[in-house]
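**Q** There's a structure below that I have some questions on.
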Amino acid sequence: MASPRPALTTPVLLLMALATGLCVGANYVNQPLLDTIATALGTSHSAAAFTVTVAQVSYALGLLFLVPLGDMLDKRRLAVGLMILAAAGQVASGFAPNIGVLTAGIAVTGLFSVAAQVLVPFAATLAEPERSGRAIGTVMSGLLLGILSARSVAGLLAELGGWTTVYRAGAVALIVVAVALWRKLPSSRPTASTGYAATLRSLGTLARTHRRLRTRALLGAVSFGSLAALFSTMTFLLAGEPYGFGDAQIGLVGLAGAAGALAASFVGRAADRGYARLTTGISVVLLVASWAALVAGGHSLAWFLIGFVAVDLAVQGVHITNQNVVFALEPAARARMNSVYMVAYFVGGASGSALGTVAWTTAGWSGACIAGVALAVAAVGVWALDLRAERLAVTTPPKTVTAGRR
């Protein structure tokens, strides 16, 4: 007989949010330090910049190969273990004598920082069914704030104690929070009674079985791709005419995205009240409209800030409702469902970033806006497909997926 669901208290939920922020933020702290790292380790700027790619690729591998373990293992043990291993990677980075060791440390941190994506569905599992959206939104708020603040905190710590301080302090913070999670989180029983290979194979089965997993994953991919097109080009716009901003000023502009992070919990609560469909619709329409403000933002900082906040709010609205819908499709497979969804989400972001860069090279800010709005319009189309999938799911509900026996 399954054990009763433990109550998810607000302090524990906030601790999980902090943990996700630390985990994912660890993959972004190197970005403002690249010039300093290159100088300190006597390497080229391209070699230092390569560590950004390494962090992203490692995280993607973790999403695919480690996150599904959340259905096989005790989630508390898995999340805490991954955080300790991520901290080990930061220790290696913080004491790296050369670029090779630093790159290896960053790879280890990126791979195991997917502890964040174990904690998100774990929060949904621990919460009461009518409060799962709020739980997801709160934990995602921590994750998003971690991404947004990582660059600023890294710059401040580097000013105070050098670039290695960033990694050493990050390692200590991860270990402290991991210990706190071990003390506060309950144990969880595995939901998949299968081997690792069968669990990985079941990812494809889940995607084939659940039509709404496919539509929501695609919706997440194109909406995040629209945001990534903005992120990959906004620095070029703000550093050039008519703005001429420096790194610190651009970083402060980026912090405006905190509005999207702070709104995540409200989106989750709306989903809990049965407004997931409406919230998604409002979000995709806002995503398209935000690019009109960003077009004007080519010559007006006020319009740029309005558009930047709006596009971030829209994408987070889509993302939180997506996860709320996906986790409800098959609760016993939440970790694997999250793995499928987040891999698609990550691929969409990478593709949007590449498309935005090409568009900027070809036609400047106008080209970047065309790329961004095209992906936003695609999100509207995918939302229409999801509405159809929702109607079909009512008449022909999908079967539950199991990965077989050992």
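Residue numbering restarts at 1 for every chain of the structure tokens, chains are lettered A, B, ... in their displayed order, and ligands are numbered from 1 as they appear.
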Please give the complete set of residues from region 31-218 of chain A that DSSP, run on the backbone, assigns to helix (DSSP H, G or I), formatted as a short mmCIF file (atom, residue, chain, number, x, y, z; two decimals) with C-alpha atoms, in the first residue's frame.
**A**
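The resulting file, states.cif, is reproduced below:
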```cif
data_model
loop_
_atom_site.label_atom_id
_atom_site.label_comp_id
_atom_site.auth_asym_id
_atom_site.auth_seq_id
_atom_site.Cartn_x
_atom_site.Cartn_y
_atom_site.Cartn_z
CA GLN A 31 29.44 33.85 -18.42
CA PRO A 32 30.43 37.27 -16.97
CA LEU A 33 33.88 35.95 -15.96
CA LEU A 34 35.15 34.72 -19.31
CA ASP A 35 37.63 37.54 -19.92
CA THR A 36 38.97 37.31 -16.36
CA ILE A 37 39.27 33.51 -16.57
CA ALA A 38 41.11 33.68 -19.89
CA THR A 39 43.62 36.14 -18.45
CA ALA A 40 44.10 34.30 -15.16
CA HIS A 45 38.96 33.87 -25.18
CA SER A 46 37.57 31.13 -27.40
CA ALA A 47 38.77 28.43 -24.99
CA ALA A 48 37.19 30.27 -22.08
CA ALA A 49 33.95 30.79 -24.04
CA PHE A 50 33.86 27.07 -24.84
CA THR A 51 33.07 26.43 -21.17
CA VAL A 52 29.63 28.00 -21.76
CA THR A 53 28.89 25.38 -24.42
CA VAL A 54 30.22 22.62 -22.18
CA ALA A 55 27.85 23.65 -19.38
CA GLN A 56 24.86 23.61 -21.73
CA VAL A 57 25.70 20.27 -23.36
CA SER A 58 26.36 18.63 -19.99
CA TYR A 59 23.04 19.86 -18.64
CA ALA A 60 21.24 18.47 -21.70
CA LEU A 61 22.87 15.06 -21.16
CA GLY A 62 21.78 15.13 -17.53
CA LEU A 63 18.19 15.88 -18.57
CA LEU A 64 18.16 12.84 -20.81
CA PHE A 65 20.14 10.31 -18.78
CA VAL A 67 16.38 12.94 -14.62
CA PRO A 68 14.47 9.69 -15.50
CA LEU A 69 16.12 8.10 -12.45
CA GLY A 70 13.60 10.07 -10.39
CA ASP A 71 11.05 7.34 -11.21
CA LYS A 75 13.92 11.19 -5.02
CA ARG A 76 15.41 12.61 -1.83
CA ARG A 77 18.55 10.49 -2.17
CA LEU A 78 18.79 11.22 -5.88
CA ALA A 79 18.37 15.00 -5.60
CA VAL A 80 20.79 15.35 -2.67
CA GLY A 81 23.34 13.03 -4.28
CA LEU A 82 23.26 14.96 -7.54
CA MET A 83 23.70 18.26 -5.66
CA ILE A 84 26.78 16.94 -3.82
CA LEU A 85 28.28 15.79 -7.14
CA ALA A 86 27.52 19.19 -8.69
CA ALA A 87 29.28 20.81 -5.73
CA ALA A 88 32.29 18.56 -6.37
CA GLY A 89 32.44 19.96 -9.90
CA GLN A 90 32.42 23.48 -8.50
CA VAL A 91 35.25 22.61 -6.11
CA ALA A 92 37.30 21.37 -9.06
CA SER A 93 36.54 24.61 -10.92
CA GLY A 94 37.38 26.77 -7.91
CA ILE A 99 41.57 25.62 -18.49
CA GLY A 100 41.37 21.84 -18.90
CA VAL A 101 40.56 21.23 -15.24
CA LEU A 102 38.13 24.16 -15.23
CA THR A 103 36.32 22.76 -18.26
CA ALA A 104 36.09 19.34 -16.63
CA GLY A 105 34.74 20.86 -13.42
CA ILE A 106 32.12 22.84 -15.31
CA ALA A 107 31.11 19.68 -17.21
CA VAL A 108 30.61 17.80 -13.94
CA THR A 109 28.56 20.65 -12.46
CA GLY A 110 26.41 20.94 -15.57
CA LEU A 111 25.71 17.20 -15.70
CA PHE A 112 24.64 16.86 -12.07
CA ALA A 115 19.01 17.86 -9.53
CA ALA A 116 16.79 20.91 -10.10
CA GLN A 117 14.69 18.94 -12.58
CA VAL A 118 14.31 16.13 -10.05
CA LEU A 119 13.06 18.58 -7.44
CA VAL A 120 10.39 20.18 -9.66
CA PRO A 121 8.29 17.01 -10.18
CA PHE A 122 9.10 15.95 -6.60
CA ALA A 123 7.41 19.13 -5.37
CA ALA A 124 4.35 18.29 -7.46
CA THR A 125 4.32 14.78 -5.97
CA LEU A 126 4.55 16.01 -2.36
CA PRO A 129 -3.32 17.57 -5.97
CA GLU A 130 -5.20 20.88 -5.80
CA ARG A 131 -1.97 22.72 -4.89
CA SER A 132 0.49 21.08 -7.30
CA GLY A 133 0.46 24.06 -9.68
CA ARG A 134 1.38 26.42 -6.86
CA ALA A 135 4.20 24.07 -5.80
CA ILE A 136 5.57 23.88 -9.34
CA GLY A 137 5.33 27.67 -9.72
CA THR A 138 7.14 28.35 -6.46
CA VAL A 139 10.01 25.98 -7.21
CA MET A 140 10.27 27.35 -10.75
CA SER A 141 10.42 30.88 -9.34
CA GLY A 142 13.55 29.87 -7.45
CA LEU A 143 15.02 28.29 -10.57
CA LEU A 144 14.37 31.36 -12.70
CA LEU A 145 15.70 33.77 -10.07
CA GLY A 146 18.82 31.61 -9.86
CA ILE A 147 19.39 31.96 -13.59
CA LEU A 148 18.76 35.71 -13.55
CA SER A 149 20.86 36.49 -10.48
CA ALA A 150 23.77 34.13 -11.18
CA ARG A 151 25.59 36.54 -13.46
CA SER A 152 25.20 39.52 -11.12
CA VAL A 153 26.24 37.58 -8.01
CA ALA A 154 29.20 36.07 -9.86
CA GLY A 155 30.41 39.52 -10.88
CA LEU A 156 30.12 40.83 -7.33
CA LEU A 157 31.94 37.87 -5.76
CA ALA A 158 34.67 38.06 -8.39
CA GLU A 159 35.20 41.72 -7.55
CA LEU A 160 35.49 40.90 -3.86
CA GLY A 161 37.68 37.78 -3.96
CA TRP A 163 36.86 34.48 -9.95
CA THR A 164 37.71 31.31 -8.00
CA THR A 165 35.66 32.63 -5.06
CA VAL A 166 32.54 32.31 -7.19
CA TYR A 167 32.97 28.55 -7.56
CA ARG A 168 34.14 27.92 -4.01
CA ALA A 169 31.24 29.85 -2.51
CA GLY A 170 28.84 28.08 -4.87
CA ALA A 171 30.12 24.69 -3.74
CA VAL A 172 29.64 25.55 -0.08
CA ALA A 173 26.13 26.85 -0.73
CA LEU A 174 25.14 23.69 -2.62
CA ILE A 175 26.43 21.43 0.14
CA VAL A 176 24.69 23.40 2.90
CA VAL A 177 21.36 23.35 1.06
CA ALA A 178 21.77 19.66 0.14
CA VAL A 179 22.22 18.79 3.83
CA ALA A 180 19.14 20.85 4.70
CA LEU A 181 17.11 19.04 2.03
CA TRP A 182 18.27 15.68 3.37
CA ARG A 183 16.98 16.67 6.79
CA LYS A 184 13.66 18.16 5.64
CA TYR A 196 17.74 1.67 -16.28
CA ALA A 197 17.71 0.70 -19.98
CA ALA A 198 13.99 -0.05 -19.88
CA THR A 199 13.33 3.25 -18.12
CA LEU A 200 15.17 5.14 -20.86
CA ARG A 201 13.27 3.24 -23.55
CA SER A 202 10.02 4.19 -21.86
CA LEU A 203 10.73 7.87 -22.64
CA GLY A 204 9.90 7.19 -26.28
CA THR A 205 6.84 5.17 -25.28
CA LEU A 206 5.58 8.04 -23.13
CA ALA A 207 6.02 10.50 -26.00
CA ARG A 208 4.16 8.20 -28.41
CA THR A 209 1.36 7.41 -25.96
CA ARG A 211 -0.47 13.27 -27.43
CA ARG A 212 -0.57 16.20 -25.02
CA LEU A 213 2.99 15.50 -23.90
CA ARG A 214 4.01 15.99 -27.53
CA THR A 215 1.97 19.15 -28.05
CA ARG A 216 2.97 20.71 -24.73
CA ALA A 217 6.64 19.83 -25.28
CA LEU A 218 6.50 21.44 -28.73
#
```
**Q** Give me, as JSON lines, each residue of region 181-239 of chain A that comes within 12 Å of region 351-359 of chain A, together with its shortest interatomic pair and the distance in Å at one decimal, counting only C-alpha atoms, with rows ordered by chain and rising residue number.
**A**
```
{"residue": "A:Gly220", "atom": "CA", "partner": "A:Gly352", "partner_atom": "CA", "distance": 11.8}
{"residue": "A:Ala221", "atom": "CA", "partner": "A:Gly352", "partner_atom": "CA", "distance": 8.7}
{"residue": "A:Val222", "atom": "CA", "partner": "A:Gly352", "partner_atom": "CA", "distance": 7.7}
{"residue": "A:Ser223", "atom": "CA", "partner": "A:Gly352", "partner_atom": "CA", "distance": 9.0}
{"residue": "A:Phe224", "atom": "CA", "partner": "A:Gly352", "partner_atom": "CA", "distance": 7.5}
{"residue": "A:Gly225", "atom": "CA", "partner": "A:Gly352", "partner_atom": "CA", "distance": 3.9}
{"residue": "A:Ser226", "atom": "CA", "partner": "A:Gly352", "partner_atom": "CA", "distance": 6.0}
{"residue": "A:Leu227", "atom": "CA", "partner": "A:Gly352", "partner_atom": "CA", "distance": 7.6}
{"residue": "A:Ala228", "atom": "CA", "partner": "A:Ser353", "partner_atom": "CA", "distance": 4.8}
{"residue": "A:Ala229", "atom": "CA", "partner": "A:Gly356", "partner_atom": "CA", "distance": 4.2}
{"residue": "A:Leu230", "atom": "CA", "partner": "A:Gly356", "partner_atom": "CA", "distance": 7.0}
{"residue": "A:Phe231", "atom": "CA", "partner": "A:Ser353", "partner_atom": "CA", "distance": 7.3}
{"residue": "A:Ser232", "atom": "CA", "partner": "A:Ser353", "partner_atom": "CA", "distance": 5.4}
{"residue": "A:Thr233", "atom": "CA", "partner": "A:Thr357", "partner_atom": "CA", "distance": 6.3}
{"residue": "A:Met234", "atom": "CA", "partner": "A:Gly356", "partner_atom": "CA", "distance": 9.8}
{"residue": "A:Thr235", "atom": "CA", "partner": "A:Thr357", "partner_atom": "CA", "distance": 11.1}
{"residue": "A:Phe236", "atom": "CA", "partner": "A:Thr357", "partner_atom": "CA", "distance": 9.9}
{"residue": "A:Leu237", "atom": "CA", "partner": "A:Thr357", "partner_atom": "CA", "distance": 11.8}
```
**Q** Could you take the residues named above and write them with N, CA and C atoms, as a PDB file, in the first residue's frame?
**A**
```pdb
ATOM      1  N   GLY A 220       6.335  24.322 -25.489  1.00  0.00           N
ATOM      2  CA  GLY A 220       7.441  24.826 -24.675  1.00  0.00           C
ATOM      3  C   GLY A 220       8.661  25.138 -25.521  1.00  0.00           C
ATOM      4  N   ALA A 221       8.937  24.282 -26.496  1.00  0.00           N
ATOM      5  CA  ALA A 221      10.122  24.468 -27.335  1.00  0.00           C
ATOM      6  C   ALA A 221      10.052  25.749 -28.154  1.00  0.00           C
ATOM      7  N   VAL A 222       8.919  25.996 -28.812  1.00  0.00           N
ATOM      8  CA  VAL A 222       8.849  27.176 -29.691  1.00  0.00           C
ATOM      9  C   VAL A 222       8.736  28.463 -28.871  1.00  0.00           C
ATOM     10  N   SER A 223       8.058  28.418 -27.728  1.00  0.00           N
ATOM     11  CA  SER A 223       7.953  29.631 -26.909  1.00  0.00           C
ATOM     12  C   SER A 223       9.304  29.976 -26.283  1.00  0.00           C
ATOM     13  N   PHE A 224      10.003  28.973 -25.777  1.00  0.00           N
ATOM     14  CA  PHE A 224      11.330  29.239 -25.223  1.00  0.00           C
ATOM     15  C   PHE A 224      12.294  29.643 -26.331  1.00  0.00           C
ATOM     16  N   GLY A 225      12.100  29.086 -27.521  1.00  0.00           N
ATOM     17  CA  GLY A 225      12.923  29.487 -28.659  1.00  0.00           C
ATOM     18  C   GLY A 225      12.753  30.962 -28.978  1.00  0.00           C
ATOM     19  N   SER A 226      11.519  31.480 -28.844  1.00  0.00           N
ATOM     20  CA  SER A 226      11.264  32.905 -29.077  1.00  0.00           C
ATOM     21  C   SER A 226      12.024  33.758 -28.067  1.00  0.00           C
ATOM     22  N   LEU A 227      11.996  33.335 -26.797  1.00  0.00           N
ATOM     23  CA  LEU A 227      12.740  34.065 -25.760  1.00  0.00           C
ATOM     24  C   LEU A 227      14.239  33.971 -25.994  1.00  0.00           C
ATOM     25  N   ALA A 228      14.705  32.794 -26.407  1.00  0.00           N
ATOM     26  CA  ALA A 228      16.141  32.606 -26.651  1.00  0.00           C
ATOM     27  C   ALA A 228      16.625  33.472 -27.811  1.00  0.00           C
ATOM     28  N   ALA A 229      15.767  33.690 -28.807  1.00  0.00           N
ATOM     29  CA  ALA A 229      16.131  34.581 -29.911  1.00  0.00           C
ATOM     30  C   ALA A 229      16.395  35.988 -29.395  1.00  0.00           C
ATOM     31  N   LEU A 230      15.641  36.397 -28.377  1.00  0.00           N
ATOM     32  CA  LEU A 230      15.857  37.705 -27.742  1.00  0.00           C
ATOM     33  C   LEU A 230      17.154  37.707 -26.932  1.00  0.00           C
ATOM     34  N   PHE A 231      17.340  36.690 -26.087  1.00  0.00           N
ATOM     35  CA  PHE A 231      18.527  36.633 -25.234  1.00  0.00           C
ATOM     36  C   PHE A 231      19.826  36.616 -26.035  1.00  0.00           C
ATOM     37  N   SER A 232      19.805  35.954 -27.201  1.00  0.00           N
ATOM     38  CA  SER A 232      21.028  35.804 -27.981  1.00  0.00           C
ATOM     39  C   SER A 232      21.409  37.063 -28.749  1.00  0.00           C
ATOM     40  N   THR A 233      20.492  38.044 -28.828  1.00  0.00           N
ATOM     41  CA  THR A 233      20.766  39.235 -29.634  1.00  0.00           C
ATOM     42  C   THR A 233      20.661  40.548 -28.870  1.00  0.00           C
ATOM     43  N   MET A 234      20.023  40.545 -27.697  1.00  0.00           N
ATOM     44  CA  MET A 234      19.789  41.809 -26.996  1.00  0.00           C
ATOM     45  C   MET A 234      21.083  42.490 -26.577  1.00  0.00           C
ATOM     46  N   THR A 235      22.130  41.710 -26.280  1.00  0.00           N
ATOM     47  CA  THR A 235      23.405  42.312 -25.899  1.00  0.00           C
ATOM     48  C   THR A 235      23.980  43.136 -27.043  1.00  0.00           C
ATOM     49  N   PHE A 236      23.856  42.603 -28.271  1.00  0.00           N
ATOM     50  CA  PHE A 236      24.351  43.328 -29.435  1.00  0.00           C
ATOM     51  C   PHE A 236      23.603  44.642 -29.620  1.00  0.00           C
ATOM     52  N   LEU A 237      22.282  44.594 -29.424  1.00  0.00           N
ATOM     53  CA  LEU A 237      21.475  45.808 -29.562  1.00  0.00           C
ATOM     54  C   LEU A 237      21.853  46.834 -28.499  1.00  0.00           C
TER      55      LEU A 237
END
```
**Q** Identify which of the residues A:Thr279, A:Ser187, A:Asn98, A:Thr395 lies closest to Gly42 (chain A), counting only C-alpha atoms when measuring atom-to-atom distances.
**A**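 Checking each of A:Thr279, A:Ser187, A:Asn98, A:Thr395 against Gly42 (chain A), counting only C-alpha atoms, the winner is A:Asn98.
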**Q** When distances are computed from only C-alpha atoms, which of A:Leu287, A:Phe95, A:Arg336, A:Ala371 shows the smallest separation from Asp312 (chain A)?
**A** A:Leu287
**Q** CA of Asn338 (chain A) to CA of Val284 (chain A): how many Å, to one decimal?
**A**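 Those two atoms sit 21.1 Å apart.
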**Q** Do a neighbour search on region 298-304 of chain A at 12 Å with only C-alpha atoms, toss out local chain neighbours closer than 4 positions, and write the hits as a PyMOL selection string.
**A** chain A and resi 230+233-245+250+253-254+256-257+290-294+308-311+364-369
**Q** Between CA of Gly317 (chain A) and CA of Leu219 (chain A), what distance in Å does the model show, to one decimal?
**A** 11.6 Å
**Q** Hey, can you check how far CA of Val267 (chain A) sits from CA of Ile306 (chain A)?
**A** 19.4 Å
